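> Take a look at the following structure, please.
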Amino acid sequence: MSKEKDILIRIYVVYIIIVLFGAGILVKLFHVQFADGSALKSEANDLIYDMRTIEAPKGNIYASDEQKLALAISVPRYNIAIDPFCINQLLWDEQIDSLSIELSALFPEKSAEEWKTKLATKRRDSVQYVLIKNKVNYTDLQRVKQFPILRKGKYKGGLIVVPVNERVLPYKQLAKRTIGYVRVSEEDSNFVGLEGAYKDELQGRDGRMLMKKIAGNQWKPVQDEFSVDPINGHDVYTTIDINIQDVAESALRKQLELQQAARGCAVLMEVETGHIKAIANLERAGDSNYYEMYNMAVGRRSEPGSTFKLASLMVALDDEKVKITDSVRASGRYTYFKGTKYESVLRDSRREGYGKITIQRAFEVSSNVISQVIDDKYKKEAQSFIDGLKKIGLDKKLGVEISGERNPYIKEADQTDFSGITLPWMAIGYELEQTPLQTLTFYNAVANNGKMVKPQFVKEIRDGDRVVKKFGTQILNERICKPETLEDVQLMLKGVVENGTARNIRTRGFDIAGKTGTVQLIDDNGEYSDKHQASFCGYFPADAPKYSCIVLIQGPSKDIYGSVVSGSVFKEIADKVYSSTIEINQNRNRIASNSVRSPRSKYGAKSELMEVLKTLNVPVMDDANESDWVVTTSESEQVKIENRKVRAGTIPNVVGMGLIDALNLLENKGLHVRIVGSGTVRKQSISGGSPLVEGTTITIQLS
């Protein structure tokens, strides 16, 4: 074979290989284009585009009163970003300096030069999403929209605005721990208080927004027509009365500060329904101030001390082991296993004792002779005494919706740590543990004619005005004791305040029934320390109970006795609650029964108000033809609406408006709004009609 022919053959082989390879590429391209094309395009789009979740505004949590005061609300806020890559070069060159100056003035964490450098760098790197600020309020958003470049809008100015919601507690620390929070992360999730218990109802339904993945692993909203709006969550209406809550928390805080105590709680319950009207939990922090840090009433278990003597005597009376008229010798010193290495001594606060007294009197003065009474009657049948406590229901959790409730701790007679002195110590509230709310529920049952009801924090869940779910009273124990036993213990509880250890909290106008308690606290080593817990638990008015209440304070430094430390707080709460809710409400009911008027409404936006009144078929006299904002007057047969003029260059008058209308009006005027309270605006720090200076902070007080 000639050399030329050999070369030619090689060329043909290479040519054929190239042709076959090219043909293979064409076949593959054809297959990709027509067979796999749709799937691959979809997969590519999935990597670039995504329907991202837009969090729904959570429902609000309201207090129980008719004013619809919000304890927790969702306020609209906005995340602001810029797409510097889409901005025209000429516009960029002309206005980037001015934009940087405006950004620095509003968001001073960066200087104008730093803002310019950041934006220019991102633009050079083709970054399409540069975060400016999270959770900006409406006023600042409106200012940003007028900034150089950004005033051109989304497509020419690169302005990106993503609505978000911020959870606000209008009353700050008030009932903060009971209101609670929800925090979810990859490492841990916390569902605290009512926010946690009703997270599904409050959450609502999230929306969806089509977003494009851009440089820096950021996501940019695109094509609004693909978005699905979120649906607001349902509102939770609690049993909390904000006025009573304020009274309870103020009284507790004052006593904690006076005593320099470690912590304390106060809970007020409506006797018949179990509705919790107030619950305050305060603990001293490192700065020596008191904050709502832990729901002590629900979750902190401790030895109750002398308040448990009520349960001990209830069991003995029900078993007909004793009568309250039986005589006992209260020597002041009660010794068990005398002369042995197990010797244990209990003493009365009055060292010399009380002499020969009745069991009723022993209870009134809180003599520890009751330990001897129980030990004498149940020494050979200790489990019978424990079964009596279980019959009442003192060994079970209450099952409240708020997380963190601990099981009561009551020993069984066959436990290895149930010793010869356990029974007498249990009789006076040691060697067993309960939470404050569990103790209160027992006392509330005594006030409620023997019927134990579950403590209740929520009355109903609503979607607007539509009731989604209503919560009725739940009975835990239909009858905790015999009727005659109930009469005896009610008499003893009343005697404690009339002529016993709680004489100092007697009031004028109504009677209180209850029991004091003082107990030594256990330290970290499991030994009894020199710190004490002082408590008072009871109900009022004694003869027709409306409310029950417990006040418990740990670590007081000046006084240790329940009557002084906790009883004084109980008295202050009872005095204010009785005068403001019982007598006044009776008068209000009498007045209301004699008058019928059209419904009252808050002042606000005319269009929304007219729509509501039309839906309710309420006759309207419309004298408001010059303004979008109106004031209302409830007349006998109609609601009259009149103009509320909002003049340019002046502070709007928002008194009488609801929170949302007031916020929109004030923030739209360029004002920063500070919110105090909830409900209807009653005061504003700058009077309506005053000269307007944009950026000024105005405080509105709601109630």
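Following the order of the structure tokens, first chain is A, next is B, and so on, with residues numbered from 1 inside each chain and ligands from 1 in the order they appear.
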Name the residues in contact with segment 499-506 of chain A at a cut-off of 6 Å, using only C-alpha atoms, excluding same-chain residues fewer than 6 positions from it; report them as an MDAnalysis selection string.

chainID A and resid 364:365 563 571

> Which residues in segment 100-265 of chain A does DSSP call alpha helix (DSSP H)? List them as a VMD selection string.

chain A and resid 100 to 106 112 to 124 138 to 144 153 to 157 176 to 179 193 to 197 199 to 203 242 to 259

> As an exercise, work out the distance from atom CA of Lys323 of chain A to atom CA of Gln372 of chain A in Å and give it to one decimal place.

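It comes out at 14.7 Å.
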
> Here is a test: counting only C-alpha atoms, which residue of A:Gln128, A:Asn88, A:Ser111, A:Asn232 is nearest to Asn165 of chain A?

A:Asn232

> Pick from A:Glu292, A:Asp417, A:Glu187, A:Asp50: nearest to Cys265 of chain A, with only C-alpha atoms counted?

A:Glu292

> Need the shell around segment 296-300 of chain A: protein/DNA/RNA residues with any atom at most 7 Å away, counting only C-alpha atoms. Skip same-chain ones fewer than 4 positions apart. Format as a list in words?

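Neighbouring residues, sequence-local ones excluded: Cys265, Asn281, Gly404, Glu405, Arg406, Thr435, Pro436 and Leu437 of chain A.
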
> Output C-alpha atoms for every residue in the selection just made, as a PDB file, in the first residue's frame.


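Done, and the output landed in again19.pdb:
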```pdb
ATOM      1  CA  CYS A 265     -47.349  35.474  91.580  1.00  0.00           C
ATOM      2  CA  ASN A 281     -45.797  36.430  87.526  1.00  0.00           C
ATOM      3  CA  GLY A 404     -45.554  23.918  81.464  1.00  0.00           C
ATOM      4  CA  GLU A 405     -47.984  22.720  84.164  1.00  0.00           C
ATOM      5  CA  ARG A 406     -46.289  20.220  86.460  1.00  0.00           C
ATOM      6  CA  THR A 435     -48.380  24.742  91.817  1.00  0.00           C
ATOM      7  CA  PRO A 436     -50.087  27.967  92.936  1.00  0.00           C
ATOM      8  CA  LEU A 437     -52.805  27.485  90.317  1.00  0.00           C
TER       9      LEU A 437
END
```

> Please provide the set of residues having any atom within 8 Å of Phe363 of chain A, restricted to only C-alpha atoms, with same-chain residues fewer than 4 positions apart removed, written as a PyMOL selection string.

chain A and resi 309+359+367+370+492+496

> Would you save the residues of that selection, restricted to N, CA and C atoms, as a compact mmCIF listing (two decimals), in the first residue's frame?


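Everything below was put into again-v6.txt:
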```txt
# COMPACT_ATOMS: atom_id res chain seq x y z
N LYS A 309 -53.49 22.77 105.05
CA LYS A 309 -54.23 22.28 106.22
C LYS A 309 -55.72 22.16 105.92
N ILE A 359 -60.62 22.39 117.17
CA ILE A 359 -59.95 22.22 115.88
C ILE A 359 -60.21 23.43 114.99
N SER A 367 -52.34 26.62 113.97
CA SER A 367 -51.53 25.82 114.88
C SER A 367 -51.13 24.50 114.22
N ILE A 370 -52.54 20.52 114.24
CA ILE A 370 -53.27 19.78 113.20
C ILE A 370 -52.45 18.60 112.69
N MET A 492 -64.57 27.79 108.81
CA MET A 492 -63.20 27.94 109.30
C MET A 492 -62.43 28.98 108.49
N VAL A 496 -60.62 32.58 109.83
CA VAL A 496 -59.21 32.97 109.72
C VAL A 496 -59.07 34.47 109.56
```

> Taking only C-alpha atoms into account, name the residue in A:Tyr378, A:Ile700, A:Val369, A:Lys277 that is nearest to Lys321 of chain A.

A:Tyr378

> What's around Asp97 of chain A at 8 Å? Count only C-alpha atoms, leave out sequence neighbours fewer than 4 positions away in its own chain, and write the answer as an MDAnalysis selection string.

chainID A and resid 101 112 116

> Could you name the residues that touch Pro652 of chain A at 12 Å or less, counting only C-alpha atoms, but leaving out those on the same chain fewer than 5 positions away, as a ChimeraX atom specification?

/A:604,629,644-647,657,661-671,684-693,698,700

> I need the residue nearest Lys156 of chain A from this list: A:Leu90, A:Leu521, A:Ile410, A:Leu131. Use only C-alpha atoms for the distance.

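Residue with the minimum atom-to-atom distance to Lys156 of chain A: A:Leu90.
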
> From segment 345-549 of chain A, collect each residue whose DSSP state is strand (DSSP E or B) and return the set as a VMD selection string.

chain A and resid 345 to 347 355 to 358 409 to 410 432 to 434 452 to 453 456 458 to 463 466 to 470 475 to 477 513 to 522 528 to 540 547 to 549
